[in-house]
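**Student:** Take a look at protein-v9.txt, compact mmCIF, C-alpha atoms and all ligand atoms:
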```txt
# COMPACT_ATOMS: atom_id res chain seq x y z
CA MET A 913 -6.31 -4.23 -19.90
CA SER A 914 -8.69 -5.90 -17.53
CA ASN A 915 -10.75 -3.39 -15.61
CA ASP A 916 -10.63 -5.46 -12.42
CA TYR A 917 -9.03 -2.53 -10.68
CA HIS A 918 -11.17 -0.32 -8.50
CA PRO A 919 -9.87 0.90 -5.13
CA PHE A 920 -13.20 0.12 -3.45
CA SER A 921 -13.77 -3.30 -5.03
CA GLU A 922 -13.85 -5.97 -2.35
CA ALA A 923 -12.74 -8.69 -4.78
CA PHE A 924 -9.73 -6.60 -5.71
CA LEU A 925 -8.84 -5.69 -2.12
CA ALA A 926 -9.03 -9.33 -1.01
CA ASN A 927 -6.34 -10.30 -3.54
CA PRO A 928 -4.84 -7.26 -5.26
CA TRP A 929 -1.61 -8.89 -6.51
CA PRO A 930 -2.65 -10.36 -9.90
CA VAL A 931 -4.49 -7.13 -10.75
CA PHE A 932 -1.48 -5.03 -9.76
CA ARG A 933 0.74 -7.16 -12.00
CA ARG A 934 -1.54 -6.66 -15.02
CA MET A 935 -1.68 -2.92 -14.35
CA ARG A 936 2.12 -2.67 -14.18
CA ASP A 937 2.53 -4.69 -17.39
CA GLU A 938 -0.34 -3.37 -19.48
CA GLU A 939 -1.46 0.04 -18.25
CA PRO A 940 0.93 1.56 -15.71
CA ALA A 941 -1.00 4.84 -15.78
CA TYR A 942 -4.54 3.54 -15.32
CA PHE A 943 -7.61 5.78 -15.32
CA VAL A 944 -10.47 5.00 -12.92
CA GLU A 945 -13.20 6.83 -14.78
CA ASP A 946 -15.93 7.07 -12.14
CA LEU A 947 -13.45 8.57 -9.66
CA ASN A 948 -11.69 10.85 -12.20
CA THR A 949 -8.52 9.40 -10.70
CA TRP A 950 -5.35 7.85 -12.10
CA ALA A 951 -3.47 4.94 -10.56
CA LEU A 952 0.31 4.53 -10.84
CA SER A 953 1.46 0.98 -10.24
CA ARG A 954 5.16 0.90 -11.18
CA PHE A 955 8.00 1.52 -8.72
CA GLU A 956 9.75 4.18 -10.82
CA ASP A 957 6.54 6.14 -11.45
CA VAL A 958 5.50 6.15 -7.80
CA LEU A 959 9.02 7.18 -6.79
CA GLN A 960 9.12 10.03 -9.34
CA ALA A 961 5.63 11.21 -8.41
CA SER A 962 6.44 11.14 -4.67
CA ASN A 963 9.38 13.44 -5.42
CA ASP A 964 7.49 15.69 -7.85
CA ARG A 965 6.49 18.96 -6.24
CA THR A 966 5.66 20.68 -9.54
CA HIS A 967 2.68 18.59 -10.59
CA PHE A 968 1.28 17.36 -7.27
CA THR A 969 -0.10 18.83 -4.06
CA ALA A 970 -0.89 17.13 -0.75
CA THR A 971 -3.20 19.95 0.30
CA MET A 972 -6.32 18.22 -1.06
CA GLY A 973 -5.57 15.04 0.91
CA THR A 974 -3.30 12.03 0.58
CA SER A 975 -5.78 9.18 1.06
CA ILE A 976 -8.45 8.35 -1.52
CA ASP A 977 -11.38 9.13 0.78
CA MET A 978 -10.00 12.64 1.36
CA LEU A 979 -9.06 13.22 -2.30
CA LEU A 980 -12.50 12.27 -3.53
CA VAL A 981 -14.26 14.85 -1.38
CA ASP A 982 -13.67 18.40 -2.50
CA GLY A 983 -13.49 21.26 -0.03
CA PRO A 984 -10.92 22.40 2.52
CA LYS A 985 -8.80 19.76 4.24
CA PRO A 986 -7.61 19.77 7.85
CA SER A 987 -4.53 21.92 8.21
CA ALA A 988 -1.92 19.39 9.35
CA MET A 989 1.58 18.49 8.20
CA VAL A 990 0.45 15.44 6.21
CA PHE A 991 -1.77 17.69 4.05
CA MET A 992 0.72 20.49 3.52
CA ASP A 993 3.13 21.53 0.77
CA PRO A 994 6.30 23.52 1.33
CA PRO A 995 7.04 25.96 2.83
CA GLU A 996 4.46 25.17 5.60
CA HIS A 997 5.14 21.43 5.38
CA THR A 998 8.88 21.97 5.89
CA LEU A 999 8.36 24.16 8.93
CA HIS A 1000 5.88 21.76 10.54
CA LYS A 1001 8.01 18.70 9.80
CA ASN A 1002 11.16 20.38 11.11
CA ALA A 1003 9.36 21.23 14.36
CA VAL A 1004 8.97 17.52 15.29
CA ASN A 1005 11.50 15.75 13.04
CA ARG A 1006 14.31 15.71 15.60
CA LEU A 1007 12.17 13.57 17.97
CA TYR A 1008 12.09 10.87 15.28
CA ALA A 1009 15.74 11.11 14.17
CA LYS A 1010 17.55 7.75 14.11
CA ASN A 1011 19.86 8.59 17.01
CA ALA A 1012 17.02 10.01 19.15
CA VAL A 1013 14.87 6.94 18.57
CA ALA A 1014 17.80 4.59 19.33
CA LEU A 1015 17.77 5.88 22.93
CA LEU A 1016 14.35 4.26 23.40
CA GLU A 1017 15.64 0.73 23.03
CA ASP A 1018 15.57 -0.13 26.75
CA THR A 1019 12.14 1.45 27.27
CA LEU A 1020 10.73 -0.49 24.33
CA ARG A 1021 12.24 -3.74 25.57
CA THR A 1022 10.83 -3.31 29.08
CA ARG A 1023 7.46 -2.30 27.65
CA THR A 1024 7.32 -5.34 25.35
CA ARG A 1025 8.30 -7.72 28.17
CA SER A 1026 5.65 -6.42 30.52
CA LEU A 1027 2.95 -6.51 27.81
CA MET A 1028 3.93 -10.11 26.93
CA ALA A 1029 3.95 -11.37 30.51
CA ALA A 1030 0.30 -12.48 30.76
CA GLY A 1031 0.46 -14.15 27.34
CA LEU A 1032 3.57 -16.10 28.33
CA GLU A 1033 1.64 -17.52 31.29
CA SER A 1034 -1.38 -18.45 29.19
CA GLY A 1035 0.49 -19.96 26.24
CA GLU A 1036 -1.00 -17.68 23.58
CA ILE A 1037 -0.16 -14.25 22.19
CA ASP A 1038 -1.75 -12.36 19.32
CA VAL A 1039 1.28 -10.68 17.75
CA HIS A 1040 -0.80 -7.91 16.20
CA ALA A 1041 -2.45 -7.03 19.52
CA LEU A 1042 0.93 -7.06 21.28
CA ALA A 1043 2.53 -4.79 18.68
CA THR A 1044 -0.46 -2.43 18.74
CA GLU A 1045 -0.14 -2.01 22.50
CA VAL A 1046 3.62 -1.39 22.31
CA ALA A 1047 3.13 1.10 19.48
CA LEU A 1048 0.22 2.91 21.13
CA ARG A 1049 2.07 3.46 24.40
CA THR A 1050 5.13 4.63 22.50
CA ILE A 1051 3.35 7.07 20.20
CA ALA A 1052 1.40 8.37 23.23
CA ASP A 1053 4.74 9.31 24.82
CA PHE A 1054 5.86 11.08 21.65
CA ILE A 1055 2.60 13.00 21.28
CA GLY A 1056 2.29 13.73 25.02
CA LEU A 1057 -0.98 11.87 25.66
CA GLN A 1058 -1.83 9.61 28.59
CA TYR A 1059 -2.30 5.94 27.70
CA ALA A 1060 -6.02 6.04 28.65
CA GLU A 1061 -6.50 9.00 26.30
CA ILE A 1062 -4.83 7.41 23.29
CA ALA A 1063 -6.49 4.05 23.97
CA HIS A 1064 -9.90 5.77 23.86
CA ILE A 1065 -9.04 7.52 20.57
CA ARG A 1066 -7.71 4.21 19.16
CA SER A 1067 -10.90 2.34 20.06
CA LEU A 1068 -12.95 4.96 18.18
CA LEU A 1069 -10.51 4.83 15.26
CA ASP A 1070 -11.10 1.09 15.01
CA VAL A 1071 -14.82 1.82 14.48
CA PHE A 1072 -14.02 4.64 12.04
CA TYR A 1073 -11.78 2.41 9.91
CA HIS A 1074 -13.99 -0.68 10.07
CA ARG A 1075 -15.31 -1.58 6.61
CA GLU A 1076 -18.53 -3.53 5.96
CA PRO A 1077 -18.87 -5.82 2.95
CA GLY A 1078 -21.05 -4.10 0.35
CA HIS A 1079 -20.54 -0.64 1.84
CA ARG A 1080 -18.11 1.71 0.12
CA GLY A 1081 -15.79 3.56 2.50
CA THR A 1082 -16.69 4.70 6.02
CA THR A 1083 -19.84 3.23 7.59
CA PRO A 1084 -22.47 5.40 9.39
CA GLN A 1085 -21.14 4.08 12.72
CA GLY A 1086 -17.67 5.05 11.52
CA MET A 1087 -18.81 8.61 10.82
CA LYS A 1088 -20.34 8.77 14.30
CA ALA A 1089 -17.05 7.56 15.83
CA PHE A 1090 -15.20 10.21 13.80
CA GLY A 1091 -17.41 12.89 15.39
CA GLU A 1092 -16.66 11.47 18.83
CA ILE A 1093 -12.92 11.49 18.17
CA TYR A 1094 -13.22 15.16 17.19
CA GLU A 1095 -15.17 16.14 20.32
CA TYR A 1096 -12.97 14.12 22.66
CA THR A 1097 -9.65 15.26 21.18
CA MET A 1098 -10.68 18.91 20.95
CA ALA A 1099 -11.55 18.79 24.68
CA LEU A 1100 -8.10 17.30 25.34
CA VAL A 1101 -6.42 20.07 23.35
CA ARG A 1102 -8.25 22.74 25.39
CA GLN A 1103 -7.20 20.96 28.57
CA TYR A 1104 -3.56 20.71 27.41
CA ARG A 1105 -3.55 24.41 26.55
CA ARG A 1106 -4.17 25.04 30.25
CA ASN A 1107 -1.74 22.33 31.47
CA PRO A 1108 0.74 21.47 28.70
CA PRO A 1109 2.46 18.08 28.68
CA PRO A 1110 6.24 18.15 29.31
CA PRO A 1111 8.73 19.71 26.88
CA GLY A 1112 9.97 17.23 24.30
CA THR A 1113 6.43 16.05 23.53
CA GLN A 1114 4.69 16.96 20.29
CA ILE A 1115 1.73 18.68 21.95
CA HIS A 1116 4.15 20.89 23.87
CA THR A 1117 5.93 21.71 20.60
CA TRP A 1118 2.66 22.36 18.73
CA LEU A 1119 1.38 24.66 21.49
CA GLU A 1120 4.48 26.83 21.16
CA PHE A 1121 4.96 26.50 17.40
CA ALA A 1122 4.19 29.57 15.28
CA ILE A 1123 4.69 30.66 11.68
CA ASP A 1124 5.06 34.44 11.26
CA GLY A 1125 3.74 34.86 14.79
CA LYS A 1126 0.61 32.77 14.06
CA GLN A 1127 0.15 29.85 16.45
CA MET A 1128 -1.55 26.55 15.64
CA THR A 1129 -5.31 26.52 16.26
CA ASP A 1130 -7.04 23.88 18.43
CA GLU A 1131 -8.30 22.21 15.24
CA GLU A 1132 -4.82 22.03 13.76
CA ILE A 1133 -3.46 20.44 16.92
CA TYR A 1134 -6.45 18.09 17.03
CA PHE A 1135 -5.77 16.83 13.51
CA SER A 1136 -2.06 16.53 14.18
CA ILE A 1137 -2.83 14.31 17.20
CA PHE A 1138 -5.27 12.33 15.04
CA SER A 1139 -2.80 11.74 12.20
CA PHE A 1140 0.10 10.75 14.47
CA THR A 1141 -2.12 8.39 16.48
CA VAL A 1142 -3.21 6.65 13.27
CA THR A 1143 0.17 6.50 11.56
CA GLY A 1144 2.01 5.66 14.78
CA SER A 1145 -0.05 2.60 15.69
CA ASP A 1146 -1.65 1.00 12.61
CA THR A 1147 1.16 0.14 10.25
CA ILE A 1148 3.82 -1.07 12.66
CA ALA A 1149 1.48 -3.69 14.14
CA LEU A 1150 0.52 -4.96 10.67
CA VAL A 1151 4.16 -5.34 9.59
CA THR A 1152 5.26 -7.00 12.85
CA ALA A 1153 2.36 -9.47 12.78
CA GLY A 1154 2.92 -9.98 9.05
CA THR A 1155 6.56 -10.87 9.65
CA VAL A 1156 5.56 -13.67 12.06
CA TYR A 1157 2.93 -14.83 9.57
CA TYR A 1158 5.21 -14.88 6.52
CA LEU A 1159 8.12 -16.49 8.39
CA ALA A 1160 5.73 -19.30 9.36
CA GLN A 1161 4.93 -19.72 5.65
CA HIS A 1162 8.66 -20.01 4.90
CA PRO A 1163 10.15 -22.48 7.41
CA GLN A 1164 13.67 -22.30 6.01
CA GLN A 1165 13.79 -18.50 6.39
CA TYR A 1166 12.17 -18.80 9.83
CA ALA A 1167 14.96 -21.19 10.88
CA GLU A 1168 17.57 -18.73 9.61
CA VAL A 1169 16.08 -15.84 11.61
CA ARG A 1170 15.73 -18.02 14.68
CA ALA A 1171 19.41 -18.96 14.44
CA ASP A 1172 20.55 -15.40 13.88
CA HIS A 1173 18.46 -12.57 15.34
CA ALA A 1174 20.56 -10.07 13.38
CA LEU A 1175 18.34 -11.08 10.42
CA ILE A 1176 15.18 -9.78 12.13
CA PRO A 1177 15.40 -6.24 10.63
CA TYR A 1178 15.72 -7.76 7.14
CA ALA A 1179 12.64 -9.92 7.72
CA PHE A 1180 10.73 -6.84 8.93
CA ALA A 1181 11.88 -4.84 5.88
CA GLU A 1182 10.92 -7.65 3.52
CA THR A 1183 7.41 -7.80 5.03
CA ALA A 1184 7.05 -4.03 4.63
CA ARG A 1185 7.95 -4.48 0.95
CA TYR A 1186 6.03 -7.68 0.26
CA ASP A 1187 2.81 -6.68 2.02
CA GLN A 1188 3.05 -2.89 2.15
CA PRO A 1189 0.46 -1.77 4.73
CA THR A 1190 -0.24 1.72 3.33
CA ASN A 1191 -1.20 0.09 0.07
CA VAL A 1192 -2.39 3.27 -1.65
CA LEU A 1193 -1.99 6.97 -1.00
CA GLY A 1194 -2.21 9.84 -3.44
CA ARG A 1195 -2.18 13.47 -4.41
CA ARG A 1196 -4.17 16.06 -6.39
CA VAL A 1197 -2.67 17.14 -9.74
CA VAL A 1198 -1.99 20.87 -10.06
CA ALA A 1199 -0.36 20.98 -13.51
CA ASP A 1200 -0.95 18.69 -16.53
CA LEU A 1201 1.63 15.95 -17.05
CA GLU A 1202 2.26 13.28 -19.66
CA LEU A 1203 2.93 9.72 -18.54
CA HIS A 1204 3.02 6.52 -20.62
CA GLY A 1205 1.30 8.36 -23.49
CA LYS A 1206 -1.56 9.61 -21.32
CA THR A 1207 -2.35 13.17 -20.25
CA ILE A 1208 -3.01 13.50 -16.55
CA SER A 1209 -4.82 16.80 -16.10
CA ALA A 1210 -4.79 19.41 -13.38
CA GLY A 1211 -7.71 18.85 -11.01
CA GLN A 1212 -7.58 15.03 -11.27
CA ASN A 1213 -6.29 12.74 -8.53
CA VAL A 1214 -3.40 10.34 -8.77
CA MET A 1215 -3.12 7.29 -6.57
CA PHE A 1216 0.31 5.98 -5.70
CA LEU A 1217 -0.12 2.22 -5.47
CA PHE A 1218 2.72 1.67 -3.00
CA ALA A 1219 1.87 -2.01 -2.50
CA SER A 1220 2.13 -2.61 -6.25
CA ALA A 1221 5.29 -0.52 -6.62
CA ASN A 1222 6.97 -2.66 -3.97
CA ARG A 1223 6.13 -5.79 -5.98
CA ASP A 1224 7.44 -4.38 -9.27
CA GLU A 1225 9.66 -6.93 -11.03
CA ARG A 1226 11.41 -4.02 -12.79
CA GLU A 1227 12.85 -3.10 -9.38
CA PHE A 1228 12.82 -6.31 -7.33
CA PRO A 1229 13.87 -9.65 -8.87
CA GLU A 1230 11.25 -12.35 -8.14
CA ALA A 1231 9.17 -9.60 -6.57
CA ASP A 1232 6.26 -11.91 -5.71
CA GLN A 1233 8.49 -14.05 -3.52
CA TYR A 1234 9.14 -13.39 0.16
CA GLN A 1235 12.93 -13.36 0.50
CA ILE A 1236 14.60 -12.01 3.62
CA SER A 1237 17.98 -12.26 1.86
CA ARG A 1238 17.11 -9.15 -0.20
CA ARG A 1239 19.17 -6.05 0.35
CA PRO A 1240 17.37 -3.69 -2.06
CA PRO A 1241 19.18 -0.41 -2.75
CA ARG A 1242 15.81 1.39 -2.93
CA THR A 1243 12.42 0.81 -1.37
CA LEU A 1244 9.11 2.61 -1.21
CA ALA A 1245 7.97 0.87 1.96
CA PHE A 1246 8.18 4.19 3.82
CA GLY A 1247 7.40 6.45 0.86
CA ALA A 1248 9.78 8.98 -0.69
CA GLY A 1249 10.25 12.69 -1.10
CA ILE A 1250 9.20 15.34 1.37
CA HIS A 1251 6.30 13.28 2.76
CA ALA A 1252 8.47 10.19 3.40
CA CYS A 1253 7.62 8.51 6.68
CA ILE A 1254 8.75 10.51 9.69
CA GLY A 1255 8.33 7.43 11.90
CA GLN A 1256 10.42 4.97 9.90
CA HIS A 1257 13.30 4.66 12.39
CA LEU A 1258 10.83 4.24 15.21
CA ALA A 1259 8.86 1.63 13.24
CA ARG A 1260 11.99 -0.39 12.45
CA LEU A 1261 13.16 -0.28 16.07
CA GLU A 1262 9.74 -1.25 17.46
CA GLY A 1263 9.45 -4.15 15.01
CA LYS A 1264 12.96 -5.36 15.76
CA ILE A 1265 12.53 -5.27 19.53
CA ILE A 1266 9.09 -6.88 19.61
CA LEU A 1267 10.32 -9.75 17.41
CA GLU A 1268 13.58 -10.14 19.33
CA GLU A 1269 11.70 -10.30 22.61
CA LEU A 1270 9.14 -12.80 21.27
CA PHE A 1271 11.87 -15.09 19.93
CA ALA A 1272 13.92 -14.81 23.12
CA ALA A 1273 10.96 -15.60 25.40
CA ILE A 1274 9.37 -18.34 23.30
CA PRO A 1275 11.75 -21.01 21.97
CA GLU A 1276 9.05 -22.66 19.88
CA TYR A 1277 5.58 -21.53 18.81
CA GLU A 1278 2.94 -22.43 16.30
CA VAL A 1279 1.13 -19.78 14.28
CA GLN A 1280 -2.61 -20.50 14.42
CA GLN A 1281 -3.08 -20.28 10.65
CA GLN A 1282 -6.83 -20.87 10.74
CA ARG A 1283 -7.33 -17.93 13.07
CA CYS A 1284 -5.09 -15.44 11.27
CA ARG A 1285 -7.14 -12.61 9.84
CA ARG A 1286 -6.43 -10.01 7.22
CA THR A 1287 -7.77 -6.49 7.11
CA PHE A 1288 -8.12 -4.31 4.06
CA THR A 1289 -9.57 -0.91 3.56
CA GLU A 1290 -9.08 1.37 0.58
CA PHE A 1291 -5.70 2.46 1.99
CA LEU A 1292 -4.54 -0.05 4.60
CA GLN A 1293 -3.94 -3.80 4.43
CA GLY A 1294 -2.20 -6.59 6.28
CA TYR A 1295 -2.51 -9.25 8.97
CA CYS A 1296 -4.52 -7.88 11.89
CA GLU A 1297 -4.72 -11.12 13.89
CA VAL A 1298 -1.78 -13.52 14.13
CA PRO A 1299 -2.20 -15.73 17.22
CA ILE A 1300 0.73 -17.92 18.22
CA ARG A 1301 0.53 -20.86 20.64
CA PHE A 1302 3.37 -22.27 22.74
CA ARG A 1303 4.13 -24.08 25.98
CA PRO A 1304 3.09 -21.75 28.85
CA ARG A 1305 5.75 -20.67 31.27
C1 LIG A 1401 6.04 -0.18 9.20
C2 LIG A 1401 5.47 0.93 9.57
C3 LIG A 1401 5.21 2.11 8.66
C4 LIG A 1401 5.03 2.17 7.30
C5 LIG A 1401 5.08 1.03 6.31
C6 LIG A 1401 4.81 3.57 6.97
C7 LIG A 1401 4.62 4.03 5.68
C8 LIG A 1401 4.54 5.37 5.34
C9 LIG A 1401 4.48 5.90 3.98
C10 LIG A 1401 4.46 5.04 2.72
C11 LIG A 1401 4.41 7.24 4.05
C12 LIG A 1401 4.38 8.23 2.88
C13 LIG A 1401 3.00 8.83 2.71
C14 LIG A 1401 2.81 9.68 1.48
O1 LIG A 1401 3.72 9.84 0.66
O2 LIG A 1401 1.69 10.22 1.34
C15 LIG A 1401 4.39 7.59 5.46
C16 LIG A 1401 4.28 8.87 5.95
C17 LIG A 1401 4.13 9.15 7.30
N1 LIG A 1401 4.29 8.30 8.36
FE1 LIG A 1401 4.68 6.32 8.24
N2 LIG A 1401 4.83 4.29 8.12
C18 LIG A 1401 5.08 3.46 9.17
C19 LIG A 1401 5.21 3.79 10.49
C20 LIG A 1401 5.01 5.05 11.01
C21 LIG A 1401 5.14 5.41 12.39
C22 LIG A 1401 5.52 4.47 13.55
C23 LIG A 1401 4.83 6.72 12.49
C24 LIG A 1401 4.85 7.50 13.78
C25 LIG A 1401 5.16 8.73 13.89
C26 LIG A 1401 4.52 7.22 11.15
C27 LIG A 1401 4.16 8.50 10.81
C28 LIG A 1401 4.06 8.98 9.52
C29 LIG A 1401 3.72 10.37 9.20
C30 LIG A 1401 3.36 11.46 10.19
C31 LIG A 1401 3.79 10.48 7.81
C32 LIG A 1401 3.54 11.72 6.97
C33 LIG A 1401 4.86 12.47 6.80
C34 LIG A 1401 4.71 13.75 6.00
O3 LIG A 1401 3.61 14.06 5.53
O4 LIG A 1401 5.73 14.45 5.85
N3 LIG A 1401 4.65 6.17 10.28
N4 LIG A 1401 4.49 6.44 6.21
```
What is this structure when it is put down as structure tokens?
Ligand code: HEM

**Tutor:**
Amino acid sequence: MSNDYHPFSEAFLANPWPVFRRMRDEEPAYFVEDLNTWALSRFEDVLQASNDRTHFTATMGTSIDMLLVDGPKPSAMVFMDPPEHTLHKNAVNRLYAKNAVALLEDTLRTRTRSLMAAGLESGEIDVHALATEVALRTIADFIGLQYAEIAHIRSLLDVFYHREPGHRGTTPQGMKAFGEIYEYTMALVRQYRRNPPPPGTQIHTWLEFAIDGKQMTDEEIYFSIFSFTVTGSDTIALVTAGTVYYLAQHPQQYAEVRADHALIPYAFAETARYDQPTNVLGRRVVADLELHGKTISAGQNVMFLFASANRDEREFPEADQYQISRRPPRTLAFGAGIHACIGQHLARLEGKIILEELFAAIPEYEVQQQRCRRTFTEFLQGYCEVPIRFRPR
């Protein structure tokens, strides 16, 4: 097996697909020695592992950077196991239920139209920037933050997640931005303790939430705000922009979607499969397990290569082809098991509405291929700039 795989290798991150294929075919449980970490690349293995609560814990982190640093992790839903995870997820789950999210359709449509208005006049829109703004305003409403507050946190997050060629993981500027996010958000939490946002927002819920009479601390609420801001704004923009990008690469499928907007959700779903934005997440092993003839030991980490799993030919025929005609019975685009994406109905609705509104407002556009840009970190990937040009209104 080629040892081209390393989660921090820039060459790998720039084009992971051939390496993923070799891993799936030749060494589906692959050991990255210097990180004492295993990588699972096949669909079935990632699915089983996501559902396996006996051998894995999320309490030591779910992203590689967190898993590689020992020591206590922030106490937030994403890093919890049952029973705490269940209680925390149940506290906010109803806000993200399919029928609750469906009520937002008009708000999202109005929001998208108003954010598109200036671009329609100028003749150019960056689809990623548009989707980010829609998503940020929407997740701010869910969390209970003002737009200016979340926009400030987002701008610092962009510095935190920026990766420099030749530098592994977070840069020194990124670490500084992380400190600033902490200070700023902790001050917000103290302020919201005095003047809570309205009922029905997550901060309101978190301020009242208690397990066995013990309320959430400021730090716990801070990290909950942090994790929902990240998850609620990053991925959706990458998949929406990616959909416009990949449809431009496939003119026949683009024509089909243009002729029938009911196909938009399938195009969005296919992008989430084909270019899975949360390309790798993981867990810490708590009990030895055997897989593909290897022993994965307690104390080691296991990475779930979601992006590879979603390109597994064992699950998806012609997996390396972008085909909006797919109706796969199973997908890992939004994860599986107890940590499956809480925001998946929201993400699908946001993607659908942004694309519907773009297509309705702009009869013809040209994707500026030369200016499209891809981002990749050790856990996130996708198209982060997809400018389109068209006749101004
Ligand atoms: C296309 C967009 C999205 C994709 C592809 C995506 C993908 C995923 C995946 C793969 C997981 C599983 C993580 C794991 O097993 O460790 C996950 C979890 C999660 N997602 Fe999403 N997500 C998207 C949008 C969103 C949105 C809009 C939100 C806003 C609330 C969100 C919030 C979360 C949270 C909080 C979790 C952790 C759930 C838990 O720990 O129980 N995601 N997402």

**Student:** When you count only C-alpha atoms, which of these residues is closest to Ile1133 (chain A): A:His1000, A:His1079, A:Arg1195, A:Arg1285?

**Tutor:**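 Answer, going by the shortest atom-to-atom distance: A:His1000.
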
**Student:** Give me, please, the distance in Å between CA of Leu1032 (chain A) and CA of Gly1144 (chain A), quoted to one decimal.

**Tutor:**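 We find that CA of Leu1032 (chain A) and CA of Gly1144 (chain A) lie 25.7 Å from each other.
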
**Student:** If the limit is 6 Å from any atom of ligand LIG 1401 (chain A), counting only C-alpha atoms and all ligand atoms, which residues qualify? Return them as a ChimeraX atom specification.

**Tutor:** /A:974,989-990,1140,1143-1144,1147-1148,1151,1184,1189-1190,1193,1245-1247,1250-1256,1258-1259

**Student:** Please list as a ChimeraX atom specification every residue within 12 Å of His1040 (chain A), counting all atoms listed in the file and excluding residues in the same chain fewer than 3 positions away.

**Tutor:** /A:1028,1037,1043-1048,1145-1157,1263,1266-1267,1284-1287,1294-1300

**Student:** Counting only C-alpha atoms, which residues in region 1122-1170 of chain A sit no more than 10 Å from region 977-987 of chain A? For each one, give the nearest pair of atoms and the distance in Å, sorted by chain then residue number, as a tab-separated table.

**Tutor:**
```
residue	atom	partner	partner_atom	distance
A:Met1128	CA	A:Ser987	CA	9.2
A:Thr1129	CA	A:Ser987	CA	9.3
A:Glu1131	CA	A:Pro986	CA	7.8
A:Glu1132	CA	A:Ser987	CA	5.6
A:Ile1133	CA	A:Ser987	CA	8.9
A:Tyr1134	CA	A:Pro986	CA	9.4
A:Phe1135	CA	A:Pro986	CA	6.6
A:Ser1136	CA	A:Ser987	CA	8.4
```

**Student:** Go through A:Ala961, A:Val1101, A:Val1197, A:Leu1068 one by one, measure the shortest atom-to-atom distance of each to Gly1086 (chain A) using all atoms listed in the file, and give the residue with the smallest value.

**Tutor:**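 Of A:Ala961, A:Val1101, A:Val1197, A:Leu1068, the one nearest Gly1086 (chain A), counting all atoms listed in the file, is A:Leu1068.
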
**Student:** Quick one: residues within 9 Å of Ile1208 (chain A), all atoms listed in the file, excluding same-chain residues fewer than 3 positions away - as a compact mmCIF listing (two decimals) with C-alpha atoms, in the frame of the given file?

**Tutor:**
```
# COMPACT_ATOMS: atom_id res chain seq x y z
CA ALA A 941 -1.00 4.84 -15.78
CA TRP A 950 -5.35 7.85 -12.10
CA VAL A 1197 -2.67 17.14 -9.74
CA ALA A 1199 -0.36 20.98 -13.51
CA ASP A 1200 -0.95 18.69 -16.53
CA LEU A 1201 1.63 15.95 -17.05
CA GLU A 1202 2.26 13.28 -19.66
CA LEU A 1203 2.93 9.72 -18.54
CA GLN A 1212 -7.58 15.03 -11.27
CA ASN A 1213 -6.29 12.74 -8.53
CA VAL A 1214 -3.40 10.34 -8.77
```

**Student:** Work out how far apart CA of Asp1053 (chain A) and CA of Thr1113 (chain A) are and give it in Å to one decimal.

**Tutor:** 7.1 Å

**Student:** Go ahead and compute the interatomic distance for CA of Tyr1234 (chain A) and CA of Ala1273 (chain A), in Å to one decimal.

**Tutor:**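 Here the two named atoms are 25.4 Å from each other.
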
**Student:** Find the residue from A:Tyr917, A:Tyr1073, A:Phe1271, A:Phe1218 that sits nearest to Phe943 (chain A); use all atoms listed in the file when measuring.

**Tutor:**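 Selected residue with least distance to Phe943 (chain A): A:Tyr917.
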
**Student:** Using all atoms listed in the file, which residue out of A:Arg1242, A:Gly1112, A:Ala1160, A:Tyr1166 lies closest to Asn1005 (chain A)?

**Tutor:**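 The closest residue to Asn1005 (chain A) is A:Gly1112.
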